[in-house]
Amino acid sequence: MITFNINGKPRQIDLPTDTPLLWVLRDHLGLIGTKFGCGMALCGACTVHLDGEPTRACVTPISAAVGKKIVTIEAIDQDATGQKVQEAWLTLGVPQCGYCQPGQIMAATALLKQKPKPTDADIDKAMSGNICRCGTYCRIRAAIKQVAGLTEVKP
Amino acid sequence: MKKPLDRPELSADISIADDILHIANISRRAFLKDLALTGFVLAAGFPSLIRADETALPSQKGKYGADAMPHGWVDNPLVFVAIADDGTVTIICHRSEMGQGVRTSLPMVVADELEADWQRVRVEQAPGDEPRYGNQDTDGSRSMRHFFMPMRRVGAAARTMLESAAAAQWQVPIQEVRAEQHQVLHPATGRTLGYGQLAKAAAKLPVPARETLRLKKPADFRYISKGQLGIYDGQDIVTGRAQYGIDTRLEDMLYAVVARPPVFGGKVLRYDAKDALEVPGVVKVVELPSSPPPADFNPLGGVAVIARNTWAAIQGRKALKIEWNNGPHGTYDSVAYKAELEAAARQPGKVVRNDGDVDTALKSAAKQVEAEYYAPHLAHATMEPPAAAARIVKGKCEIWACTQSPQASRERVAKWLKLSEDNVTVHVTLLGGGFGRKSIPDYVIEAALLSQAMNGKPVKLTWTREDDLHHSYFHTVSVERLEAGLDTQGKPVAWLHRTVAPTISSTFAPDSKHQMPAELGMGVINVPFAIANLRIENPEAEAHTRIGWFRSVSNIPHAFAIQSFVAELAAAAGRDPKDFLLDLIGPPRRIDPRTLGDTWNQGESPEVYPVDTGRLRRVIETVARETGWGRTLPKGAGLGLAAHYSFVTYIAVVVEVSVNEDGKLNIPRIDVAVDCGPQVNPERIRSQIEGACIMGISLATLGEISFKEGAVMQDNFHTYQLTRMDEAPREIRVHLMPTPEFDTPLGGVGEPGVPPIAPALCNAIFAATGQRIRQLPIRDQLRKD
Ligand code: FES
Ligand code: FES
């Protein structure tokens with residue numbers, strides 16, 4: 001039996017310790033906001049925060065998450081920056097299908113908490129691990145800049 | 001954050017307690033049923049209340065557009081609208097949401113005509129049931145094109161019923177009352193009645209005849225054409241509550257993955273499940289039958305591992321020992337196949353259009369130019385891979401799936417399980433991308449078969465990314481060969497285009513070797529160029545994998561070749577590519593597509609939707625103006641133009657690039673001019689076009705699925721690369737052509753943005769570097785070592 005802290009609450013799980021956090025969240029805890037996209041840390045759909053660090057849950061065995069604070073998209077609105085990111089996402093109409101967006105929001109929130117005024121290069125670096133097949137990148141960049149209070153030239 | 005009104009909650013906290021499972025779809029259905037009992041008065045969910053003549057299939061009404069689609073359209077308000085006592089208006093969306101915004105845009109059309117306050121509207125997703133809702137195949141960029149008018153009539157009819165009910169209650173003539181924002185007013189006396197108060201009485205009134213409906217004037221639209229509503233599911237998406245097919249959770253559900261034959265047409269020879277069954281959590285291993293050709297929508301067969309969670313199923317699959325028989329396509333090899341296509345393109349082929357005398361004109365031309373273009377297979381790679389859940393209880397099968405074709409899913413599942421269609425329910429979840437992959441319900445059938453194998457227990461099937469890339473219904477692969485003759489003024493006098501590509505028809509009739517009219521009609525046969533001598537040929541190509549629909553379909557290779565070649569001709573003629581293209585298109589005129597040999601015309605009427613070269617010219621002129629065509633750029637930078645007409649929409653694109661000394665490509669900006677007729681939801685049109693730009697850049701720079709010994713060589717996003725943030729265009733400007741009067745017919749939006757991107761990019765690279773790209777993807781072709 002392993003105990004973790006997920007979204008501020010202790011949770012217990014009885015599974016092999018090499019099970020990736022992603023499947024524990026999705027299949028056992030019903031936290032389906034964390035998405036599966038590749039299973040190989042290639043797409044960012046499964047991004048969660050582990051002690052504030054953006055982390056790919058698909059390659060993180062639960063043994064590595066023990067003793068850490070796990071935050072998923074379901075609780076990111078409890079963070080002031082996370083909430084602002086969500087609001088900017090809606091104001092600028094970022095999502096298309098929306099499937100990648102929980103991961104994008106987790107990555108963007110982590111970036112903005114570490115660098116409240118990110119440069120374009122910072123944004124590229126922090127966000128390029130997150131694929132959006134619908135192609136919402138321009139709006140993601142604009143939304144991050146909006147949260148950062150950096151003006152984005154609008155056509 | 002503000003919560004939108006009355007949204008069914010999927011509370012993560014509730015479902016966290018491991019065994020309490022909570023499915024939004026079920027709760028939504030329960031919600032519908034409860035409301036039906038307590039006062040859903042314009043009755044959704046009660047087919048018996050609908051008069052037979054109202055659901056009579058309209059498909060026979062005409063040959064074109066929605067009329068020609070299976071099950072046509074339905075505009076009965078009783079099918080699409082329900083109003084509760086508290087005034088909540090529920091609007092049914094019968095098309096699948098995959099990012100195009102249809103769950104916002106179609107209900108918004110109803111709400112506008114209904115004078116419903118959007119804040120008090122709920123959207124309910126229809127299950128697969130085309131006889132009831134009309135066509136539900138969400139593909140071909142036609143949801144709005146085909147359902148704008150039916151949805152307006154739905155709203156107008158419901159509004160009229162509410163007005164009649166109010167007039168009756170006040171005993172005044174209906175002309176004296178008017179509906180406005182969720183209530184009916186009697187201005188003469190200042191009386192008002194809310195929709196909730198009127199709903200019960202309104203529901204008892206007859207549905208007004210179609211011809212008597214008063215539709216709003218465009219000037220009175222509240223939501224249509226305004227683009228001010230956020231997407232309906234936005235809140236759920238950003239909070240992680242949105243439900244996709246892969247998110248389905250049912251009580252006692254098992255989780256499955258399938259090992260499918262690596263080569264199309266292959267079979268399981270023998271397998272050993274011993275190790276797989278020892279993986280903790282694995283419950284059962286079952287063989288799924290393979291199907292004889294044609295591929296159709298049939299599952300590929302293979303060996304399934306069913307487990308207590310997805311990870312255990314994946315681990316179990318890794319432990320399977322399977323010997324495959326690869327079948328007849330075990331030698332499919334993309335390198336050899338490319339050479340085959342090239343050889344075919346260098347020989348005459350079936351003539352599919354022939355104007356004038358191309359051979360003589362070519363021979364006597366002052367200058368001959370020829371070029372061959374290659375565009376490889378692609379996989380859709382929707383971020384949500386295919387997934388579906390199924391359970392069978394007492395002979396009734398229920399499915400939850402991210403499907404673009406709920407009706408086909410229902411029909412096929414019924415056939416495979418030998419059930420009547422009435423006993424199959426397909427709930428449509430959100431789709432984490434579709435792009436044509438999810439038009440094909442092979443994975444839905446698989447889920448049903450797996451539940452059947454578990455005696456009806458709920459089973460969710462997940463495709464891993466590897467499954468998705470290995471077993472797609474791939475975008476075709478093509479060689480396009482073009483030859484042209486220019487006269488002494490540099491004017492084209494002859495045009496010969498040979499297009500060679502395995503056809504989608506081969507998926508349904510394996511012997512098909514020629515592109516079907518719907519493929520030829522995607523920009524190759526219907527080129528609206530003013531050239532007297534023009535011949536299009538289509539040599540044979542045999543398919544060795546399942547060819548399917550990929551967003552924009554054959555327009556991608558066709559536009560890539562044609563729009564690249566036009567720029568090559570401009571260069572050969574020493575002319576500006578934009579002026580050259582405009583001259584080639586010629587003066588504004590409306591061409592009957594049949595005179596171009598295009599009998600298909602995107603399924604639309606040739607009279608209502610002629611090929612309008614004036615509109616094509618206008619998007620080109622607009623994008624050139626907006627982008628500052630001709631402006632001076634620094635060394636290594638360039639602008640490239642391409643224009644393409646597809647899905648009855650006119651698009652022109654200018655891509656700006658810079659290529660540095662090492663050959664690294666940078667895309668600072670793309671401008672797109674779009675004439676898709678009237679714009680119902682301009683905000684979502686922009687987002688679709690922005691997305692099309694990224695997909696176009698992605699396929700042009702990185703996209704390639706290739707085969708060796710019959711199997712796909714790409715496994716995941718490290719080998720099938722997609723454009724990421726750092727290589728995406730930095731800025732995309734979408735210029736929508738104004739049509740405030742709503743006086744032209746609607747065009748498609750989801751797909752037509754993609755085809756012109758690759759040629760515009762390659763033309764820009766040529767402008768920047770002098771290097772001409774004829775083979776996609778570009779990958780490291782620009783690199784200087
Ligand atoms: S699913 Fe974890 S990075 Fe793609
Ligand atoms: S919004 Fe669809 S994948 Fe990003």
# chains A, B, ... in the order shown; residues from 1 in each chain; ligands from 1
$ closest_atom_pairs --of "chain B" --to "ligand 2" --cutoff "10 Å" --atoms "only C-alpha atoms and all ligand atoms" --output "JSON lines"
{"residue": "B:Met98", "atom": "CA", "partner": "ligand 2", "partner_atom_place_in_ligand_line": "2 (Fe)", "distance": 7.7}
{"residue": "B:Gly99", "atom": "CA", "partner": "ligand 2", "partner_atom_place_in_ligand_line": "2 (Fe)", "distance": 6.1}
{"residue": "B:Gln100", "atom": "CA", "partner": "ligand 2", "partner_atom_place_in_ligand_line": "2 (Fe)", "distance": 9.5}
{"residue": "B:Ile237", "atom": "CA", "partner": "ligand 2", "partner_atom_place_in_ligand_line": "1 (S)", "distance": 9.3}
{"residue": "B:Ala381", "atom": "CA", "partner": "ligand 2", "partner_atom_place_in_ligand_line": "3 (S)", "distance": 9.6}
{"residue": "B:Thr382", "atom": "CA", "partner": "ligand 2", "partner_atom_place_in_ligand_line": "3 (S)", "distance": 7.0}
{"residue": "B:Met383", "atom": "CA", "partner": "ligand 2", "partner_atom_place_in_ligand_line": "3 (S)", "distance": 5.1}
{"residue": "B:Glu384", "atom": "CA", "partner": "ligand 2", "partner_atom_place_in_ligand_line": "3 (S)", "distance": 7.7}
{"residue": "B:Leu431", "atom": "CA", "partner": "ligand 2", "partner_atom_place_in_ligand_line": "2 (Fe)", "distance": 8.7}
{"residue": "B:Gly432", "atom": "CA", "partner": "ligand 2", "partner_atom_place_in_ligand_line": "2 (Fe)", "distance": 5.8}
{"residue": "B:Gly433", "atom": "CA", "partner": "ligand 2", "partner_atom_place_in_ligand_line": "2 (Fe)", "distance": 5.5}
{"residue": "B:Gly434", "atom": "CA", "partner": "ligand 2", "partner_atom_place_in_ligand_line": "2 (Fe)", "distance": 9.2}
{"residue": "B:Gly691", "atom": "CA", "partner": "ligand 2", "partner_atom_place_in_ligand_line": "1 (S)", "distance": 9.0}
$ write_last_selection --atoms "C-alpha atoms" --output "short mmCIF file (atom, residue, chain, number, x, y, z; two decimals), in the first residue's frame"
data_model
loop_
_atom_site.label_atom_id
_atom_site.label_comp_id
_atom_site.auth_asym_id
_atom_site.auth_seq_id
_atom_site.Cartn_x
_atom_site.Cartn_y
_atom_site.Cartn_z
CA MET B 98 -13.65 17.55 -32.31
CA GLY B 99 -12.31 21.04 -31.87
CA GLN B 100 -14.15 22.79 -34.68
CA ILE B 237 -11.75 21.73 -20.80
CA ALA B 381 -2.33 11.42 -34.83
CA THR B 382 -5.26 12.91 -32.98
CA MET B 383 -3.99 13.82 -29.53
CA GLU B 384 -6.64 11.55 -28.10
CA LEU B 431 -13.30 13.95 -29.49
CA GLY B 432 -9.71 14.84 -28.73
CA GLY B 433 -9.24 15.60 -32.42
CA GLY B 434 -10.76 13.70 -35.33
CA GLY B 691 -5.02 25.21 -36.66
#
$ residues_near_ligand --ligand "ligand 1" --cutoff "6 Å" --atoms "only C-alpha atoms and all ligand atoms" --output "JSON, numbers by chain"
{"A": [36, 37, 38, 39, 40, 41, 42, 43, 44, 45, 46, 56, 57, 58]}
$ write_last_selection --atoms "C-alpha atoms" --output "mmCIF file, in the first residue's frame"
data_model
loop_
_atom_site.group_PDB
_atom_site.id
_atom_site.type_symbol
_atom_site.label_atom_id
_atom_site.label_comp_id
_atom_site.auth_asym_id
_atom_site.auth_seq_id
_atom_site.Cartn_x
_atom_site.Cartn_y
_atom_site.Cartn_z
ATOM 1 C CA PHE A 36 -2.664 10.039 -22.218
ATOM 2 C CA GLY A 37 -1.038 11.043 -25.490
ATOM 3 C CA CYS A 38 2.129 9.013 -26.009
ATOM 4 C CA GLY A 39 3.269 7.242 -22.850
ATOM 5 C CA MET A 40 6.880 8.191 -23.603
ATOM 6 C CA ALA A 41 7.268 11.759 -22.318
ATOM 7 C CA LEU A 42 6.962 13.033 -25.881
ATOM 8 C CA CYS A 43 3.725 15.033 -25.899
ATOM 9 C CA GLY A 44 3.057 16.631 -22.518
ATOM 10 C CA ALA A 45 -0.621 15.634 -22.364
ATOM 11 C CA CYS A 46 -0.032 13.997 -18.988
ATOM 12 C CA ARG A 56 5.205 13.793 -17.259
ATOM 13 C CA ALA A 57 3.015 11.427 -15.321
ATOM 14 C CA CYS A 58 3.234 8.752 -18.029
#
$ closest_residue --among "B:Gln688, B:Thr599, B:Gln169, B:Asn660" --to "chain A" --atoms "only C-alpha atoms"
B:Gln688
$ interface_residues --of "chain A" --to "chain B" --cutoff "7 Å" --atoms "only C-alpha atoms" --output "ChimeraX atom specification"
/A:19,23,27-33,37-38,42,73-74,86,90,93,96-102,124,127-128,131,133-138,155
$ write_last_selection --atoms "N, CA, C and O atoms" --output "compact mmCIF listing (two decimals), in the first residue's frame"
# COMPACT_ATOMS: atom_id res chain seq x y z
N THR A 19 4.11 1.13 -11.56
CA THR A 19 2.98 1.64 -12.34
C THR A 19 3.14 3.15 -12.53
O THR A 19 3.35 3.88 -11.56
N TRP A 23 -1.58 6.34 -14.93
CA TRP A 23 -2.66 5.34 -14.92
C TRP A 23 -3.28 5.22 -13.54
O TRP A 23 -4.45 4.85 -13.41
N ASP A 27 -7.06 5.70 -14.02
CA ASP A 27 -7.85 4.47 -13.90
C ASP A 27 -8.28 4.20 -12.46
O ASP A 27 -9.34 3.64 -12.22
N HIS A 28 -7.42 4.57 -11.49
CA HIS A 28 -7.74 4.21 -10.11
C HIS A 28 -8.34 5.35 -9.32
O HIS A 28 -9.16 5.12 -8.43
N LEU A 29 -7.93 6.58 -9.62
CA LEU A 29 -8.44 7.69 -8.84
C LEU A 29 -9.47 8.52 -9.61
O LEU A 29 -10.04 9.46 -9.08
N GLY A 30 -9.71 8.17 -10.86
CA GLY A 30 -10.74 8.87 -11.63
C GLY A 30 -10.38 10.29 -11.98
O GLY A 30 -11.24 11.08 -12.36
N LEU A 31 -9.12 10.65 -11.87
CA LEU A 31 -8.70 12.00 -12.23
C LEU A 31 -8.35 12.01 -13.71
O LEU A 31 -7.18 11.96 -14.10
N ILE A 32 -9.40 12.08 -14.54
CA ILE A 32 -9.21 11.87 -15.97
C ILE A 32 -8.75 13.14 -16.71
O ILE A 32 -8.54 13.11 -17.91
N GLY A 33 -8.61 14.23 -15.96
CA GLY A 33 -8.13 15.46 -16.59
C GLY A 33 -6.69 15.34 -17.07
O GLY A 33 -6.27 16.04 -17.98
N GLY A 37 -1.26 10.69 -24.09
CA GLY A 37 -1.04 11.04 -25.49
C GLY A 37 0.03 10.20 -26.15
O GLY A 37 -0.01 9.95 -27.35
N CYS A 38 1.03 9.76 -25.37
CA CYS A 38 2.13 9.01 -26.01
C CYS A 38 2.72 7.95 -25.09
O CYS A 38 3.23 6.94 -25.56
N LEU A 42 6.73 12.35 -24.61
CA LEU A 42 6.96 13.03 -25.88
C LEU A 42 5.93 14.11 -26.20
O LEU A 42 6.11 14.88 -27.13
N ILE A 73 -4.56 18.90 -12.98
CA ILE A 73 -5.40 19.96 -13.57
C ILE A 73 -6.66 20.19 -12.74
O ILE A 73 -7.16 21.30 -12.64
N GLU A 74 -7.16 19.15 -12.10
CA GLU A 74 -8.40 19.28 -11.34
C GLU A 74 -8.27 20.26 -10.18
O GLU A 74 -9.28 20.78 -9.70
N GLN A 86 -6.10 29.62 -16.51
CA GLN A 86 -7.38 29.09 -17.00
C GLN A 86 -8.25 30.20 -17.58
O GLN A 86 -8.88 30.05 -18.62
N LEU A 90 -9.60 30.87 -21.51
CA LEU A 90 -10.99 31.06 -21.95
C LEU A 90 -11.16 32.39 -22.66
O LEU A 90 -11.83 32.47 -23.69
N GLY A 93 -9.89 32.13 -26.04
CA GLY A 93 -10.42 31.01 -26.83
C GLY A 93 -9.32 30.07 -27.29
O GLY A 93 -9.29 29.65 -28.44
N GLN A 96 -9.16 24.13 -28.83
CA GLN A 96 -10.00 23.63 -29.91
C GLN A 96 -10.62 22.34 -29.39
O GLN A 96 -11.60 22.39 -28.67
N CYS A 97 -10.03 21.18 -29.70
CA CYS A 97 -10.61 19.96 -29.14
C CYS A 97 -10.41 19.92 -27.63
O CYS A 97 -11.15 19.29 -26.91
N GLY A 98 -9.37 20.58 -27.15
CA GLY A 98 -9.15 20.70 -25.71
C GLY A 98 -8.34 19.58 -25.09
O GLY A 98 -7.95 19.67 -23.93
N TYR A 99 -8.08 18.54 -25.84
CA TYR A 99 -7.48 17.36 -25.24
C TYR A 99 -6.08 17.62 -24.67
O TYR A 99 -5.72 17.11 -23.61
N CYS A 100 -5.30 18.43 -25.36
CA CYS A 100 -3.94 18.71 -24.88
C CYS A 100 -3.93 19.78 -23.82
O CYS A 100 -2.90 20.03 -23.21
N GLN A 101 -5.05 20.47 -23.64
CA GLN A 101 -5.02 21.72 -22.88
C GLN A 101 -4.75 21.54 -21.39
O GLN A 101 -4.08 22.38 -20.80
N PRO A 102 -5.24 20.49 -20.74
CA PRO A 102 -4.83 20.33 -19.34
C PRO A 102 -3.31 20.31 -19.20
O PRO A 102 -2.75 20.99 -18.33
N ASP A 124 9.01 29.19 -25.52
CA ASP A 124 9.36 28.07 -26.41
C ASP A 124 9.91 26.90 -25.62
O ASP A 124 9.55 25.75 -25.83
N MET A 127 7.24 25.25 -23.29
CA MET A 127 6.01 24.72 -23.89
C MET A 127 6.26 23.74 -25.04
O MET A 127 5.31 23.11 -25.52
N SER A 128 7.48 23.61 -25.50
CA SER A 128 7.69 22.78 -26.69
C SER A 128 7.61 21.28 -26.42
O SER A 128 7.58 20.48 -27.36
N ILE A 131 2.59 18.90 -27.21
CA ILE A 131 2.08 18.95 -28.59
C ILE A 131 0.60 19.32 -28.57
O ILE A 131 -0.16 18.84 -27.73
N ARG A 133 -2.14 19.03 -31.49
CA ARG A 133 -2.39 18.66 -32.88
C ARG A 133 -3.39 19.59 -33.53
O ARG A 133 -3.41 19.74 -34.75
N CYS A 134 -4.24 20.22 -32.73
CA CYS A 134 -5.20 21.18 -33.30
C CYS A 134 -4.50 22.47 -33.69
O CYS A 134 -5.07 23.27 -34.43
N GLY A 135 -3.32 22.70 -33.14
CA GLY A 135 -2.56 23.87 -33.57
C GLY A 135 -2.95 25.18 -32.89
O GLY A 135 -3.20 26.19 -33.53
N THR A 136 -2.98 25.16 -31.56
CA THR A 136 -3.38 26.36 -30.82
C THR A 136 -2.19 27.16 -30.30
O THR A 136 -2.35 28.00 -29.42
N TYR A 137 -1.01 26.90 -30.85
CA TYR A 137 0.21 27.48 -30.28
C TYR A 137 0.20 29.01 -30.20
O TYR A 137 0.67 29.58 -29.21
N CYS A 138 -0.27 29.68 -31.24
CA CYS A 138 -0.23 31.15 -31.22
C CYS A 138 -1.08 31.69 -30.07
O CYS A 138 -0.71 32.64 -29.40
N PRO A 155 -3.49 41.61 -34.32
CA PRO A 155 -3.72 42.12 -35.68
C PRO A 155 -4.98 42.98 -35.75
O PRO A 155 -5.91 42.73 -35.02
$ closest_residue --among "B:Ala530, B:Leu341, B:Leu378, B:Ile556" --to "Lys513 of chain B" --atoms "only C-alpha atoms"
B:Leu341
$ select_by_dssp --residues "segment 10-144 of chain A" --states "alpha helix (DSSP H)" --output "number ranges by chain"
A: 21-23, 62-65, 80-91, 101-114, 120-127, 137-144
$ write_last_selection --atoms "N, CA and C atoms" --output "compact mmCIF listing (two decimals), in the first residue's frame"
# COMPACT_ATOMS: atom_id res chain seq x y z
N LEU A 21 2.37 6.98 -12.72
CA LEU A 21 1.40 7.83 -12.03
C LEU A 21 0.17 8.10 -12.90
N LEU A 22 0.41 8.27 -14.22
CA LEU A 22 -0.70 8.58 -15.13
C LEU A 22 -1.88 7.62 -14.96
N TRP A 23 -1.58 6.34 -14.93
CA TRP A 23 -2.66 5.34 -14.92
C TRP A 23 -3.28 5.22 -13.54
N ILE A 62 4.97 5.37 -9.67
CA ILE A 62 4.39 5.90 -8.43
C ILE A 62 5.41 5.93 -7.31
N SER A 63 6.40 5.04 -7.40
CA SER A 63 7.42 5.06 -6.35
C SER A 63 8.13 6.42 -6.29
N ALA A 64 8.23 7.10 -7.44
CA ALA A 64 8.92 8.39 -7.49
C ALA A 64 8.05 9.54 -7.02
N ALA A 65 6.77 9.26 -6.83
CA ALA A 65 5.86 10.34 -6.44
C ALA A 65 5.55 10.33 -4.95
N ALA A 80 -3.31 30.65 -7.51
CA ALA A 80 -3.70 31.93 -8.10
C ALA A 80 -3.23 32.02 -9.56
N THR A 81 -2.00 31.57 -9.80
CA THR A 81 -1.49 31.63 -11.18
C THR A 81 -2.27 30.67 -12.08
N GLY A 82 -2.51 29.46 -11.56
CA GLY A 82 -3.27 28.48 -12.33
C GLY A 82 -4.63 29.02 -12.73
N GLN A 83 -5.26 29.70 -11.81
CA GLN A 83 -6.58 30.25 -12.09
C GLN A 83 -6.51 31.32 -13.18
N LYS A 84 -5.47 32.15 -13.09
CA LYS A 84 -5.30 33.19 -14.12
C LYS A 84 -5.04 32.56 -15.49
N VAL A 85 -4.29 31.49 -15.48
CA VAL A 85 -4.01 30.81 -16.75
C VAL A 85 -5.31 30.26 -17.34
N GLN A 86 -6.10 29.62 -16.51
CA GLN A 86 -7.38 29.09 -17.00
C GLN A 86 -8.25 30.20 -17.58
N GLU A 87 -8.27 31.33 -16.84
CA GLU A 87 -9.10 32.45 -17.32
C GLU A 87 -8.59 32.99 -18.65
N ALA A 88 -7.28 33.13 -18.77
CA ALA A 88 -6.71 33.64 -20.03
C ALA A 88 -7.01 32.66 -21.17
N TRP A 89 -6.97 31.38 -20.86
CA TRP A 89 -7.26 30.34 -21.87
C TRP A 89 -8.68 30.53 -22.42
N LEU A 90 -9.60 30.87 -21.51
CA LEU A 90 -10.99 31.06 -21.95
C LEU A 90 -11.16 32.39 -22.66
N THR A 91 -10.56 33.43 -22.12
CA THR A 91 -10.72 34.76 -22.73
C THR A 91 -10.20 34.75 -24.17
N GLN A 101 -5.05 20.47 -23.64
CA GLN A 101 -5.02 21.72 -22.88
C GLN A 101 -4.75 21.54 -21.39
N PRO A 102 -5.24 20.49 -20.74
CA PRO A 102 -4.83 20.33 -19.34
C PRO A 102 -3.31 20.31 -19.20
N GLY A 103 -2.65 19.58 -20.07
CA GLY A 103 -1.19 19.52 -20.04
C GLY A 103 -0.57 20.88 -20.34
N GLN A 104 -1.14 21.58 -21.30
CA GLN A 104 -0.62 22.92 -21.66
C GLN A 104 -0.77 23.86 -20.47
N ILE A 105 -1.93 23.79 -19.81
CA ILE A 105 -2.19 24.68 -18.68
C ILE A 105 -1.24 24.37 -17.53
N MET A 106 -0.99 23.10 -17.30
CA MET A 106 -0.05 22.73 -16.22
C MET A 106 1.36 23.23 -16.56
N ALA A 107 1.76 23.09 -17.83
CA ALA A 107 3.09 23.54 -18.22
C ALA A 107 3.19 25.06 -18.13
N ALA A 108 2.13 25.74 -18.60
CA ALA A 108 2.15 27.21 -18.59
C ALA A 108 2.14 27.75 -17.17
N THR A 109 1.37 27.11 -16.30
CA THR A 109 1.31 27.55 -14.91
C THR A 109 2.67 27.41 -14.24
N ALA A 110 3.30 26.27 -14.47
CA ALA A 110 4.62 26.07 -13.87
C ALA A 110 5.61 27.13 -14.38
N LEU A 111 5.55 27.40 -15.67
CA LEU A 111 6.43 28.43 -16.25
C LEU A 111 6.20 29.78 -15.59
N LEU A 112 4.94 30.17 -15.50
CA LEU A 112 4.63 31.51 -14.99
C LEU A 112 4.93 31.65 -13.50
N LYS A 113 4.86 30.54 -12.79
CA LYS A 113 5.20 30.62 -11.36
C LYS A 113 6.71 30.78 -11.19
N GLN A 114 7.47 30.16 -12.12
CA GLN A 114 8.92 30.29 -12.02
C GLN A 114 9.41 31.58 -12.65
N ASP A 120 9.90 35.17 -25.10
CA ASP A 120 9.45 34.20 -26.11
C ASP A 120 10.29 32.93 -26.06
N ALA A 121 11.58 33.13 -25.83
CA ALA A 121 12.46 31.95 -25.75
C ALA A 121 12.10 31.09 -24.54
N ASP A 122 11.78 31.74 -23.41
CA ASP A 122 11.34 30.98 -22.23
C ASP A 122 10.08 30.18 -22.56
N ILE A 123 9.17 30.83 -23.27
CA ILE A 123 7.90 30.17 -23.60
C ILE A 123 8.17 28.97 -24.51
N ASP A 124 9.01 29.19 -25.52
CA ASP A 124 9.36 28.07 -26.41
C ASP A 124 9.91 26.90 -25.62
N LYS A 125 10.80 27.23 -24.71
CA LYS A 125 11.49 26.18 -23.97
C LYS A 125 10.51 25.43 -23.06
N ALA A 126 9.67 26.18 -22.39
CA ALA A 126 8.77 25.54 -21.42
C ALA A 126 7.63 24.79 -22.10
N MET A 127 7.24 25.25 -23.29
CA MET A 127 6.01 24.72 -23.89
C MET A 127 6.26 23.74 -25.04
N TYR A 137 -1.01 26.90 -30.85
CA TYR A 137 0.21 27.48 -30.28
C TYR A 137 0.20 29.01 -30.20
N CYS A 138 -0.27 29.68 -31.24
CA CYS A 138 -0.23 31.15 -31.22
C CYS A 138 -1.08 31.69 -30.07
N ARG A 139 -2.22 31.05 -29.85
CA ARG A 139 -3.09 31.53 -28.77
C ARG A 139 -2.52 31.16 -27.40
N ILE A 140 -1.85 30.03 -27.32
CA ILE A 140 -1.22 29.66 -26.05
C ILE A 140 -0.18 30.72 -25.69
N ARG A 141 0.62 31.09 -26.67
CA ARG A 141 1.64 32.11 -26.41
C ARG A 141 0.98 33.42 -25.97
N ALA A 142 -0.07 33.80 -26.69
CA ALA A 142 -0.76 35.04 -26.36
C ALA A 142 -1.35 34.97 -24.96
N ALA A 143 -1.90 33.82 -24.59
CA ALA A 143 -2.52 33.70 -23.27
C ALA A 143 -1.46 33.77 -22.17
N ILE A 144 -0.33 33.15 -22.40
CA ILE A 144 0.75 33.23 -21.40
C ILE A 144 1.19 34.69 -21.23
$ atom_distance --atom1 "atom CA of Leu269 of chain B" --atom2 "atom CA of Ile322 of chain B"
7.5 Å
$ residues_around --residues "Gly67 of chain A" --least-positions-apart "3" --cutoff "9 Å" --atoms "only C-alpha atoms" --output "list in words"
Thr3, Phe4, Asn5 and Ala64 of chain A
$ residues_around --residues "segment 350-352 of chain B" --least-positions-apart "4" --cutoff "12 Å" --atoms "only C-alpha atoms" --output "PyMOL selection string"
chain B and resi 344-345+358+496-500+513-517+519-521+524-526+534-541+596-599
$ select_by_dssp --residues "segment 50-126 of chain B" --states "strand (DSSP E or B)" --output "PyMOL selection string"
chain B and resi 73+81-83+89-93+121-125
